[in-house]
file model-v5.cif (mmCIF, C-alpha atoms and all ligand atoms)
data_work
loop_
_atom_site.label_atom_id
_atom_site.label_comp_id
_atom_site.auth_asym_id
_atom_site.auth_seq_id
_atom_site.Cartn_x
_atom_site.Cartn_y
_atom_site.Cartn_z
CA MET T 1 -2.32 6.11 34.09
CA ASP T 2 0.67 6.69 31.89
CA SER T 3 3.27 4.04 32.70
CA LYS T 4 6.95 4.64 32.13
CA LYS T 5 7.95 3.39 28.72
CA ILE T 6 11.04 2.54 26.71
CA LEU T 7 10.95 2.70 22.92
CA LEU T 8 13.77 0.81 21.23
CA SER T 9 14.40 1.37 17.55
CA PHE T 10 16.82 -0.07 15.01
CA ASP T 11 17.60 1.55 11.66
CA VAL T 12 17.70 -1.34 9.21
CA GLU T 13 19.75 -0.10 6.30
CA GLU T 14 22.59 -0.75 3.91
CA PHE T 15 25.71 -0.50 6.08
CA ASP T 16 27.18 2.47 4.23
CA THR T 17 29.07 3.97 7.20
CA PRO T 18 32.49 2.81 5.86
CA LEU T 19 31.76 4.87 2.72
CA GLU T 20 31.57 7.99 4.90
CA PHE T 21 35.14 7.23 5.95
CA GLY T 22 36.45 6.73 2.45
CA LYS T 23 36.26 2.93 2.27
CA SER T 24 34.33 1.21 -0.46
CA LEU T 25 32.12 -1.73 0.49
CA ALA T 26 30.05 -3.68 -2.02
CA LEU T 27 26.26 -3.47 -1.61
CA LYS T 28 26.19 -7.21 -1.02
CA ASP T 29 28.52 -6.79 1.98
CA GLN T 30 26.64 -3.76 3.27
CA LEU T 31 23.46 -5.84 3.32
CA GLU T 32 25.22 -8.85 4.90
CA TYR T 33 26.48 -6.86 7.89
CA SER T 34 23.00 -5.51 8.60
CA TYR T 35 21.37 -8.88 8.02
CA HIS T 36 23.61 -10.73 10.50
CA GLY T 37 23.29 -7.99 13.10
CA LEU T 38 19.54 -7.97 12.62
CA LEU T 39 19.30 -11.69 13.37
CA ALA T 40 21.31 -11.16 16.57
CA VAL T 41 19.05 -8.28 17.66
CA LEU T 42 15.90 -10.27 16.91
CA SER T 43 17.01 -13.24 18.97
CA LEU T 44 17.81 -10.94 21.92
CA LEU T 45 14.39 -9.25 21.69
CA GLU T 46 12.69 -12.62 21.46
CA LYS T 47 14.57 -13.96 24.47
CA GLU T 48 13.69 -10.83 26.46
CA GLN T 49 10.13 -10.72 25.10
CA VAL T 50 10.29 -7.03 24.24
CA CYS T 51 9.01 -5.26 21.15
CA ALA T 52 10.69 -2.54 19.10
CA THR T 53 10.41 -0.46 15.94
CA PHE T 54 12.53 -1.21 12.88
CA PHE T 55 12.97 1.80 10.60
CA THR T 56 13.81 -0.03 7.38
CA THR T 57 14.98 1.13 3.98
CA ALA T 58 12.90 -0.16 1.08
CA ASN T 59 16.15 -1.30 -0.51
CA PHE T 60 16.99 -3.56 2.45
CA ALA T 61 13.40 -4.84 2.68
CA LEU T 62 13.33 -5.78 -1.01
CA HIS T 63 16.46 -7.90 -0.48
CA PHE T 64 14.99 -9.69 2.57
CA PRO T 65 11.18 -9.51 2.19
CA GLU T 66 10.37 -12.70 4.14
CA LEU T 67 12.42 -11.58 7.12
CA ILE T 68 10.81 -8.12 7.15
CA LYS T 69 7.36 -9.67 6.95
CA LYS T 70 8.23 -11.99 9.84
CA ILE T 71 9.51 -9.06 11.94
CA SER T 72 6.27 -7.16 11.30
CA GLU T 73 4.32 -9.92 13.03
CA THR T 74 5.91 -9.02 16.38
CA HIS T 75 7.41 -5.56 15.94
CA GLU T 76 6.63 -2.34 14.12
CA ILE T 77 8.08 -1.71 10.68
CA ALA T 78 8.49 1.98 9.79
CA SER T 79 10.31 3.65 6.90
CA HIS T 80 13.94 4.71 6.76
CA GLY T 81 13.61 5.90 3.16
CA TYR T 82 14.29 4.04 -0.04
CA TYR T 83 18.10 4.03 -0.16
CA HIS T 84 20.34 4.96 2.75
CA SER T 85 22.91 6.80 0.63
CA SER T 86 20.62 8.97 -1.47
CA PHE T 87 17.29 10.77 -1.11
CA LYS T 88 14.59 12.11 -3.40
CA ASN T 89 11.23 13.43 -2.15
CA GLU T 90 9.33 10.67 -3.96
CA ASP T 91 11.25 8.05 -1.93
CA LEU T 92 9.06 8.94 1.05
CA GLU T 93 5.87 7.64 -0.49
CA ILE T 94 7.43 4.84 -2.54
CA SER T 95 9.26 3.38 0.48
CA ARG T 96 6.04 3.47 2.53
CA LYS T 97 4.21 1.58 -0.23
CA VAL T 98 6.99 -0.99 -0.65
CA LEU T 99 7.02 -1.71 3.10
CA LYS T 100 3.23 -1.86 3.22
CA LYS T 101 3.18 -4.35 0.38
CA ILE T 102 5.83 -6.57 1.98
CA THR T 103 4.30 -6.55 5.48
CA GLY T 104 0.62 -6.28 4.54
CA LYS T 105 0.39 -3.60 7.26
CA GLU T 106 0.03 0.17 7.42
CA ILE T 107 3.31 2.06 7.79
CA TYR T 108 2.90 5.08 10.07
CA GLY T 109 6.38 6.34 10.86
CA TYR T 110 9.40 7.80 9.11
CA ARG T 111 13.00 8.41 10.04
CA MET T 112 15.36 10.19 7.68
CA ALA T 113 18.78 8.64 7.04
CA ARG T 114 21.39 10.18 9.38
CA MET T 115 18.65 12.28 11.04
CA MET T 116 19.06 14.86 8.31
CA PRO T 117 16.47 17.65 7.87
CA VAL T 118 13.43 16.78 5.75
CA ASP T 119 10.43 18.87 4.75
CA ASN T 120 7.48 18.14 7.05
CA GLN T 121 4.75 18.78 4.49
CA THR T 122 6.42 16.30 2.14
CA ILE T 123 6.32 13.67 4.92
CA ILE T 124 2.63 14.40 5.54
CA ASP T 125 1.85 14.24 1.81
CA ALA T 126 3.60 10.87 1.61
CA GLY T 127 1.08 9.49 4.14
CA TYR T 128 2.97 9.33 7.43
CA ILE T 129 1.52 10.04 10.88
CA TYR T 130 4.76 10.50 12.79
CA ASN T 131 8.33 11.57 12.11
CA ALA T 132 11.28 10.42 14.23
CA SER T 133 14.02 12.31 12.36
CA LEU T 134 14.84 15.10 14.80
CA HIS T 135 17.79 14.87 17.15
CA PRO T 136 17.41 17.88 19.46
CA THR T 137 21.03 18.21 20.49
CA TYR T 138 24.43 19.20 19.15
CA ILE T 139 26.37 16.48 17.31
CA PRO T 140 29.73 17.86 16.17
CA GLY T 141 30.15 17.70 12.41
CA ARG T 142 26.52 16.66 11.86
CA TYR T 143 23.96 19.16 13.14
CA ASN T 144 23.14 21.62 15.89
CA ASN T 145 19.52 21.23 17.00
CA PHE T 146 20.12 22.34 20.56
CA HIS T 147 17.35 24.97 20.33
CA LYS T 148 14.71 22.59 18.88
CA PRO T 149 11.96 21.04 21.07
CA ARG T 150 13.02 18.12 23.23
CA GLN T 151 9.55 16.65 23.70
CA PRO T 152 7.02 15.41 21.11
CA PHE T 153 5.10 18.11 19.25
CA MET T 154 2.77 18.44 16.29
CA THR T 155 3.64 20.03 12.95
CA GLY T 156 0.18 20.29 11.41
CA THR T 157 -1.07 16.70 11.42
CA LEU T 158 2.41 15.22 11.82
CA LEU T 159 3.56 14.06 15.25
CA GLN T 160 7.25 14.69 15.80
CA ILE T 161 8.99 12.28 18.16
CA PRO T 162 12.47 13.70 18.73
CA ALA T 163 15.28 11.37 19.77
CA SER T 164 15.67 11.41 23.55
CA VAL T 165 18.06 13.77 25.29
CA THR T 166 18.22 14.69 28.98
CA PRO T 167 16.54 17.88 30.19
CA ASN T 168 18.89 20.91 30.43
CA ILE T 169 22.27 19.59 29.27
CA ARG T 170 20.64 17.54 26.49
CA PHE T 171 22.87 14.51 26.81
CA PRO T 172 21.69 12.17 24.03
CA VAL T 173 20.87 8.54 24.69
CA PHE T 174 21.48 6.83 21.35
CA TRP T 175 23.83 4.38 19.69
CA LEU T 176 27.01 6.47 19.99
CA SER T 177 26.60 7.39 23.65
CA PHE T 178 25.41 3.86 24.45
CA LYS T 179 28.62 2.53 22.92
CA ASN T 180 31.05 5.09 24.33
CA PHE T 181 29.78 5.78 27.86
CA PRO T 182 29.52 3.40 30.81
CA LEU T 183 26.09 1.84 31.22
CA SER T 184 25.76 3.61 34.59
CA ILE T 185 25.67 6.97 32.75
CA ILE T 186 23.09 5.71 30.24
CA LYS T 187 20.92 4.43 33.09
CA LEU T 188 21.19 7.74 34.94
CA ALA T 189 20.23 9.68 31.79
CA THR T 190 17.35 7.26 31.14
CA LYS T 191 16.02 7.84 34.66
CA GLN T 192 16.20 11.63 34.22
CA ILE T 193 14.41 11.57 30.86
CA ILE T 194 11.75 9.11 31.96
CA HIS T 195 11.10 11.07 35.16
CA LYS T 196 10.37 14.16 33.10
CA ASP T 197 8.70 12.72 29.97
CA ASN T 198 7.34 9.31 31.05
CA PHE T 199 9.10 7.72 28.10
CA VAL T 200 12.50 7.49 26.50
CA ASN T 201 13.48 6.38 23.00
CA PHE T 202 16.71 4.90 21.70
CA TYR T 203 18.03 4.27 18.23
CA PHE T 204 20.60 1.72 17.14
CA HIS T 205 21.57 -0.04 13.90
CA PRO T 206 21.59 -3.81 13.42
CA TRP T 207 25.13 -3.61 11.97
CA GLU T 208 26.40 -2.59 15.43
CA PHE T 209 25.40 -6.02 16.69
CA THR T 210 27.77 -7.84 14.37
CA ASN T 211 31.56 -7.68 14.35
CA ILE T 212 32.70 -4.44 12.66
CA LYS T 213 36.24 -4.38 14.02
CA ASP T 214 37.92 -5.25 10.70
CA LYS T 215 39.97 -2.04 10.36
CA GLU T 216 41.51 -3.16 7.06
CA LYS T 217 38.15 -3.66 5.42
CA LEU T 218 35.95 -1.05 7.10
CA ASN T 219 38.28 1.72 8.28
CA LEU T 220 35.86 2.85 11.00
CA PRO T 221 36.91 5.32 13.70
CA PHE T 222 37.36 3.85 17.17
CA TYR T 223 34.26 5.58 18.58
CA ILE T 224 32.14 3.54 16.16
CA SER T 225 33.96 0.22 16.16
CA ARG T 226 35.05 -0.01 19.81
CA LEU T 227 31.96 -1.91 20.86
CA SER T 228 30.16 -4.23 18.48
CA GLY T 229 28.82 -7.76 18.03
CA GLU T 230 28.50 -9.88 21.15
CA LYS T 231 29.63 -7.03 23.44
CA MET T 232 26.84 -4.74 22.18
CA ILE T 233 24.32 -7.55 22.62
CA LYS T 234 25.47 -8.05 26.22
CA LYS T 235 25.29 -4.34 26.97
CA LEU T 236 21.80 -4.01 25.52
CA GLU T 237 20.71 -7.17 27.34
CA ASN T 238 21.96 -5.70 30.60
CA PHE T 239 20.09 -2.45 29.89
CA ILE T 240 16.84 -4.32 29.10
CA SER T 241 17.07 -6.35 32.33
CA TRP T 242 17.67 -3.20 34.35
CA SER T 243 14.71 -1.45 32.67
CA LYS T 244 12.41 -4.35 33.50
CA MET T 245 13.63 -4.29 37.09
CA LYS T 246 12.73 -0.59 37.25
CA GLY T 247 9.21 -1.46 36.05
CA TYR T 248 9.54 0.24 32.66
CA THR T 249 7.56 -1.30 29.82
CA PHE T 250 8.69 -1.66 26.21
CA LYS T 251 6.48 -0.23 23.47
CA ASN T 252 6.94 0.45 19.81
CA TYR T 253 6.86 4.00 18.40
CA TRP T 254 3.40 3.64 16.90
CA GLU T 255 1.86 2.60 20.24
CA GLN T 256 3.40 5.67 21.85
CA ALA T 257 2.48 7.90 18.89
CA SER T 258 -1.20 6.85 19.06
CA PHE T 259 -1.17 7.45 22.80
CA LEU T 260 0.35 10.94 22.37
CA ILE T 261 -1.99 11.93 19.53
CA GLU T 262 -5.04 10.84 21.54
CA ASP T 263 -3.72 12.71 24.56
CA LYS T 264 -3.19 15.90 22.51
CA ASN T 265 -6.67 15.60 21.00
CA THR T 266 -8.42 15.13 24.34
CA SER T 267 -6.48 17.92 26.04
CA SER T 268 -7.07 20.47 23.27
ZN ZN U 1 20.28 5.25 9.00
#

call {"tool": "encode", "arguments": {"input": "model-v5.cif", "output": "structure tokens"}}
result
Amino acid sequence: MDSKKILLSFDVEEFDTPLEFGKSLALKDQLEYSYHGLLAVLSLLEKEQVCATFFTTANFALHFPELIKKISETHEIASHGYYHSSFKNEDLEISRKVLKKITGKEIYGYRMARMMPVDNQTIIDAGYIYNASLHPTYIPGRYNNFHKPRQPFMTGTLLQIPASVTPNIRFPVFWLSFKNFPLSIIKLATKQIIHKDNFVNFYFHPWEFTNIKDKEKLNLPFYISRLSGEKMIKKLENFISWSKMKGYTFKNYWEQASFLIEDKNTSS
């Protein structure tokens, strides 16, 4: 029996968002923001006893190898590329190897920085089993994937796990909607998605869980900075409690990916 599942994911990266908005921020500071937010997320997940997937850049992992190793004992570590601000095809395989070396575990999943398009065969050749880089909706100024599949599908041997959107209107449940819409809307969308697909996935960034309101230093638009730090923790905590009350269980992406691959193999 396929229970109803929630997959939480966090993109552990250099906090380069201010650079997108014309502000420079030293690498050291970019790493610090993510590091502090990551600690806050980890203590929430520990308190709630739920597991998640951390899509991590090799660059971040090499700066905090002990922490990444420790996380891998409870959660899944997957790849978010080598650097967050640049990409070369060889980064796919090198980042997987770096993360494998640090954690001592196989790395199965990949998510491209900013959910940008990436060649599927290159991901397969780099040794990944699943790809979580597709956002099947329309995000103004970023991409229009409204016509792409909403549910998981195979591209050759690669399992694609698109970010969750509601059936029909394709309302996305992810960090920006989580931050900008009332929790009642997020819960409603979660119920609709889970009713149809049996699972829902979310993606956040650790840097959202630390204070990013410093306009002078970061110059972030209001829709990004309006909710951060303690307020984001509280909102996510509320969402986790509600999910448990609904009887949903928390899994990491790889657990769900193995389940889906087995299901596709037995039904074909
Ligand atoms: Zn990212």

call {"tool": "residues_around", "arguments": {"input": "model-v5.cif", "residues": "Ala61 of chain T", "least_positions_apart": "6", "cutoff": "10 Å", "atoms": "only C-alpha atoms", "output": "PyMOL selection string"}}
result
chain T and resi 12-13+67-69+79+82+95+98-99+102-103

call {"tool": "closest_residue", "arguments": {"input": "model-v5.cif", "among": "T:Ala40, T:Met115, T:Ile123, T:Leu159", "to": "Asn265 of chain T", "atoms": "all atoms listed in the file"}}
result
T:Leu159

call {"tool": "residues_near_ligand", "arguments": {"input": "model-v5.cif", "ligand": "ligand ZN 1 (chain U)", "cutoff": "9 Å", "atoms": "only C-alpha atoms and all ligand atoms", "output": "PyMOL selection string"}}
result
chain T and resi 10-16+55-57+80-81+84-85+111-115+204-205

call {"tool": "write_last_selection", "arguments": {"input": "model-v5.cif", "atoms": "C-alpha atoms", "output": "PDB file, keeping the file's coordinate frame"}}
result
ATOM      1  CA  PHE T  10      16.820  -0.070  15.010  1.00  0.00           C
ATOM      2  CA  ASP T  11      17.600   1.550  11.660  1.00  0.00           C
ATOM      3  CA  VAL T  12      17.700  -1.340   9.210  1.00  0.00           C
ATOM      4  CA  GLU T  13      19.750  -0.100   6.300  1.00  0.00           C
ATOM      5  CA  GLU T  14      22.590  -0.750   3.910  1.00  0.00           C
ATOM      6  CA  PHE T  15      25.710  -0.500   6.080  1.00  0.00           C
ATOM      7  CA  ASP T  16      27.180   2.470   4.230  1.00  0.00           C
ATOM      8  CA  PHE T  55      12.970   1.800  10.600  1.00  0.00           C
ATOM      9  CA  THR T  56      13.810  -0.030   7.380  1.00  0.00           C
ATOM     10  CA  THR T  57      14.980   1.130   3.980  1.00  0.00           C
ATOM     11  CA  HIS T  80      13.940   4.710   6.760  1.00  0.00           C
ATOM     12  CA  GLY T  81      13.610   5.900   3.160  1.00  0.00           C
ATOM     13  CA  HIS T  84      20.340   4.960   2.750  1.00  0.00           C
ATOM     14  CA  SER T  85      22.910   6.800   0.630  1.00  0.00           C
ATOM     15  CA  ARG T 111      13.000   8.410  10.040  1.00  0.00           C
ATOM     16  CA  MET T 112      15.360  10.190   7.680  1.00  0.00           C
ATOM     17  CA  ALA T 113      18.780   8.640   7.040  1.00  0.00           C
ATOM     18  CA  ARG T 114      21.390  10.180   9.380  1.00  0.00           C
ATOM     19  CA  MET T 115      18.650  12.280  11.040  1.00  0.00           C
ATOM     20  CA  PHE T 204      20.600   1.720  17.140  1.00  0.00           C
ATOM     21  CA  HIS T 205      21.570  -0.040  13.900  1.00  0.00           C
TER      22      HIS T 205
END

call {"tool": "residues_around", "arguments": {"input": "model-v5.cif", "residues": "Asn89 of chain T", "least_positions_apart": "3", "cutoff": "10 Å", "atoms": "only C-alpha atoms", "output": "PyMOL selection string"}}
result
chain T and resi 81+92-94+118-119+122-123+126

call {"tool": "atom_distance", "arguments": {"input": "model-v5.cif", "atom1": "atom CA of Pro149 of chain T", "atom2": "atom CA of Pro136 of chain T"}}
result
6.5 Å

call {"tool": "closest_residue", "arguments": {"input": "model-v5.cif", "among": "T:Phe21, T:Phe87, T:Phe259, T:Tyr108", "to": "Asn198 of chain T", "atoms": "only C-alpha atoms"}}
result
T:Phe259

call {"tool": "atom_distance", "arguments": {"input": "model-v5.cif", "atom1": "atom CA of Lys5 of chain T", "atom2": "atom CA of Ser164 of chain T"}}
result
12.3 Å

call {"tool": "atom_distance", "arguments": {"input": "model-v5.cif", "atom1": "atom CA of Asp91 of chain T", "atom2": "atom CA of Ala58 of chain T"}}
result
8.9 Å

call {"tool": "closest_residue", "arguments": {"input": "model-v5.cif", "among": "T:Asn144, T:Tyr33, T:Lys213, T:Trp242", "to": "Met116 of chain T", "atoms": "only C-alpha atoms"}}
result
T:Asn144

call {"tool": "closest_residue", "arguments": {"input": "model-v5.cif", "among": "T:Tyr35, T:Leu158, T:Glu90, T:Ser133", "to": "Pro65 of chain T", "atoms": "all atoms listed in the file"}}
result
T:Tyr35

call {"tool": "residues_around", "arguments": {"input": "model-v5.cif", "residues": "Phe250 of chain T", "least_positions_apart": "5", "cutoff": "8 Å", "atoms": "all atoms listed in the file", "output": "list in words"}}
result
Lys5, Ile6, Leu7, Leu8, Val50, Cys51 and Ala52 of chain T

call {"tool": "write_last_selection", "arguments": {"input": "model-v5.cif", "atoms": "C-alpha atoms", "output": "mmCIF file, in the frame of the given file"}}
result
data_model
loop_
_atom_site.group_PDB
_atom_site.id
_atom_site.type_symbol
_atom_site.label_atom_id
_atom_site.label_comp_id
_atom_site.auth_asym_id
_atom_site.auth_seq_id
_atom_site.Cartn_x
_atom_site.Cartn_y
_atom_site.Cartn_z
ATOM 1 C CA LYS T 5 7.950 3.390 28.720
ATOM 2 C CA ILE T 6 11.040 2.540 26.710
ATOM 3 C CA LEU T 7 10.950 2.700 22.920
ATOM 4 C CA LEU T 8 13.770 0.810 21.230
ATOM 5 C CA VAL T 50 10.290 -7.030 24.240
ATOM 6 C CA CYS T 51 9.010 -5.260 21.150
ATOM 7 C CA ALA T 52 10.690 -2.540 19.100
#

call {"tool": "closest_residue", "arguments": {"input": "model-v5.cif", "among": "T:Lys179, T:His135, T:His63, T:Lys105", "to": "Ile77 of chain T", "atoms": "only C-alpha atoms"}}
result
T:Lys105

call {"tool": "closest_residue", "arguments": {"input": "model-v5.cif", "among": "T:Ser34, T:Ser3, T:Ser86, T:Asn145", "to": "Phe209 of chain T", "atoms": "all atoms listed in the file"}}
result
T:Ser34

call {"tool": "residues_around", "arguments": {"input": "model-v5.cif", "residues": "His36 of chain T", "least_positions_apart": "4", "cutoff": "10 Å", "atoms": "all atoms listed in the file", "output": "list in words"}}
result
Leu31, Glu32, Ala40, Val41, Pro206, Trp207, Glu208, Phe209, Thr210, Asn211 and Gly229 of chain T

call {"tool": "residues_around", "arguments": {"input": "model-v5.cif", "residues": "Leu220 of chain T", "least_positions_apart": "3", "cutoff": "7 Å", "atoms": "all atoms listed in the file", "output": "VMD selection string"}}
result
chain T and resid 18 21 215 224 to 225

call {"tool": "build_atoms", "arguments": {"input": "model-v5.cif", "residues": "segment 212-223 of chain T", "atoms": "all heavy atoms", "output": "compact mmCIF listing (two decimals), keeping the file's coordinate frame"}}
result
# COMPACT_ATOMS: atom_id res chain seq x y z
N ILE T 212 32.27 -5.46 13.65
CA ILE T 212 32.70 -4.44 12.66
C ILE T 212 34.11 -3.93 13.00
O ILE T 212 34.44 -2.78 12.75
CB ILE T 212 31.70 -3.26 12.58
CG1 ILE T 212 31.36 -2.69 13.97
CG2 ILE T 212 30.43 -3.67 11.86
CD1 ILE T 212 30.65 -1.36 13.93
N LYS T 213 34.90 -4.80 13.59
CA LYS T 213 36.24 -4.38 14.02
C LYS T 213 37.31 -4.50 12.93
O LYS T 213 38.45 -4.10 13.15
CB LYS T 213 36.67 -5.21 15.24
CG LYS T 213 35.99 -4.74 16.52
CD LYS T 213 36.72 -5.24 17.75
CE LYS T 213 36.05 -4.80 19.04
NZ LYS T 213 36.01 -3.35 19.22
N ASP T 214 36.96 -5.04 11.77
CA ASP T 214 37.92 -5.25 10.70
C ASP T 214 38.42 -3.92 10.12
O ASP T 214 37.86 -3.38 9.15
CB ASP T 214 37.25 -6.10 9.59
CG ASP T 214 38.26 -6.56 8.56
OD1 ASP T 214 39.37 -5.98 8.51
OD2 ASP T 214 37.94 -7.49 7.80
N LYS T 215 39.45 -3.37 10.72
CA LYS T 215 39.97 -2.04 10.36
C LYS T 215 40.38 -1.98 8.89
O LYS T 215 40.09 -1.02 8.18
CB LYS T 215 41.18 -1.73 11.27
CG LYS T 215 41.76 -0.35 11.12
CD LYS T 215 40.93 0.70 11.84
CE LYS T 215 41.44 2.11 11.54
NZ LYS T 215 40.48 3.16 11.77
N GLU T 216 41.03 -3.06 8.45
CA GLU T 216 41.51 -3.16 7.06
C GLU T 216 40.37 -2.96 6.07
O GLU T 216 40.46 -2.22 5.11
CB GLU T 216 42.13 -4.57 6.88
CG GLU T 216 43.02 -4.69 5.70
CD GLU T 216 44.44 -4.19 6.01
OE1 GLU T 216 44.63 -3.34 6.89
OE2 GLU T 216 45.33 -4.65 5.34
N LYS T 217 39.26 -3.65 6.36
CA LYS T 217 38.15 -3.66 5.42
C LYS T 217 37.21 -2.46 5.59
O LYS T 217 36.68 -1.93 4.62
CB LYS T 217 37.36 -4.96 5.60
CG LYS T 217 36.38 -5.23 4.49
CD LYS T 217 35.76 -6.62 4.62
CE LYS T 217 34.74 -6.83 3.52
NZ LYS T 217 33.95 -8.04 3.74
N LEU T 218 36.99 -2.03 6.83
CA LEU T 218 35.95 -1.05 7.10
C LEU T 218 36.45 0.36 7.44
O LEU T 218 35.72 1.33 7.26
CB LEU T 218 35.03 -1.55 8.23
CG LEU T 218 34.38 -2.91 7.96
CD1 LEU T 218 33.63 -3.39 9.21
CD2 LEU T 218 33.42 -2.83 6.78
N ASN T 219 37.67 0.42 7.98
CA ASN T 219 38.28 1.72 8.28
C ASN T 219 37.42 2.63 9.16
O ASN T 219 37.34 3.84 8.94
CB ASN T 219 38.62 2.45 6.96
CG ASN T 219 39.60 3.59 7.18
OD1 ASN T 219 40.44 3.52 8.07
ND2 ASN T 219 39.47 4.65 6.40
N LEU T 220 36.74 2.05 10.15
CA LEU T 220 35.86 2.85 11.00
C LEU T 220 36.63 3.49 12.14
O LEU T 220 37.55 2.89 12.68
CB LEU T 220 34.74 1.97 11.58
CG LEU T 220 33.78 1.37 10.58
CD1 LEU T 220 32.82 0.41 11.29
CD2 LEU T 220 32.98 2.45 9.85
N PRO T 221 36.25 4.71 12.53
CA PRO T 221 36.91 5.32 13.70
C PRO T 221 36.59 4.51 14.97
O PRO T 221 35.55 3.84 15.03
CB PRO T 221 36.29 6.72 13.77
CG PRO T 221 35.11 6.71 12.88
CD PRO T 221 35.24 5.57 11.92
N PHE T 222 37.48 4.63 15.94
CA PHE T 222 37.36 3.85 17.17
C PHE T 222 36.02 4.07 17.89
O PHE T 222 35.44 3.15 18.44
CB PHE T 222 38.54 4.19 18.09
CG PHE T 222 38.59 3.37 19.34
CD1 PHE T 222 38.74 1.99 19.28
CD2 PHE T 222 38.51 3.98 20.59
CE1 PHE T 222 38.80 1.22 20.44
CE2 PHE T 222 38.55 3.22 21.75
CZ PHE T 222 38.70 1.84 21.68
N TYR T 223 35.51 5.32 17.85
CA TYR T 223 34.26 5.58 18.58
C TYR T 223 33.06 4.84 17.97
O TYR T 223 32.02 4.73 18.60
CB TYR T 223 33.99 7.10 18.71
CG TYR T 223 33.75 7.83 17.40
CD1 TYR T 223 32.49 7.89 16.82
CD2 TYR T 223 34.80 8.48 16.75
CE1 TYR T 223 32.27 8.56 15.62
CE2 TYR T 223 34.59 9.16 15.55
CZ TYR T 223 33.33 9.19 14.99
OH TYR T 223 33.11 9.86 13.81
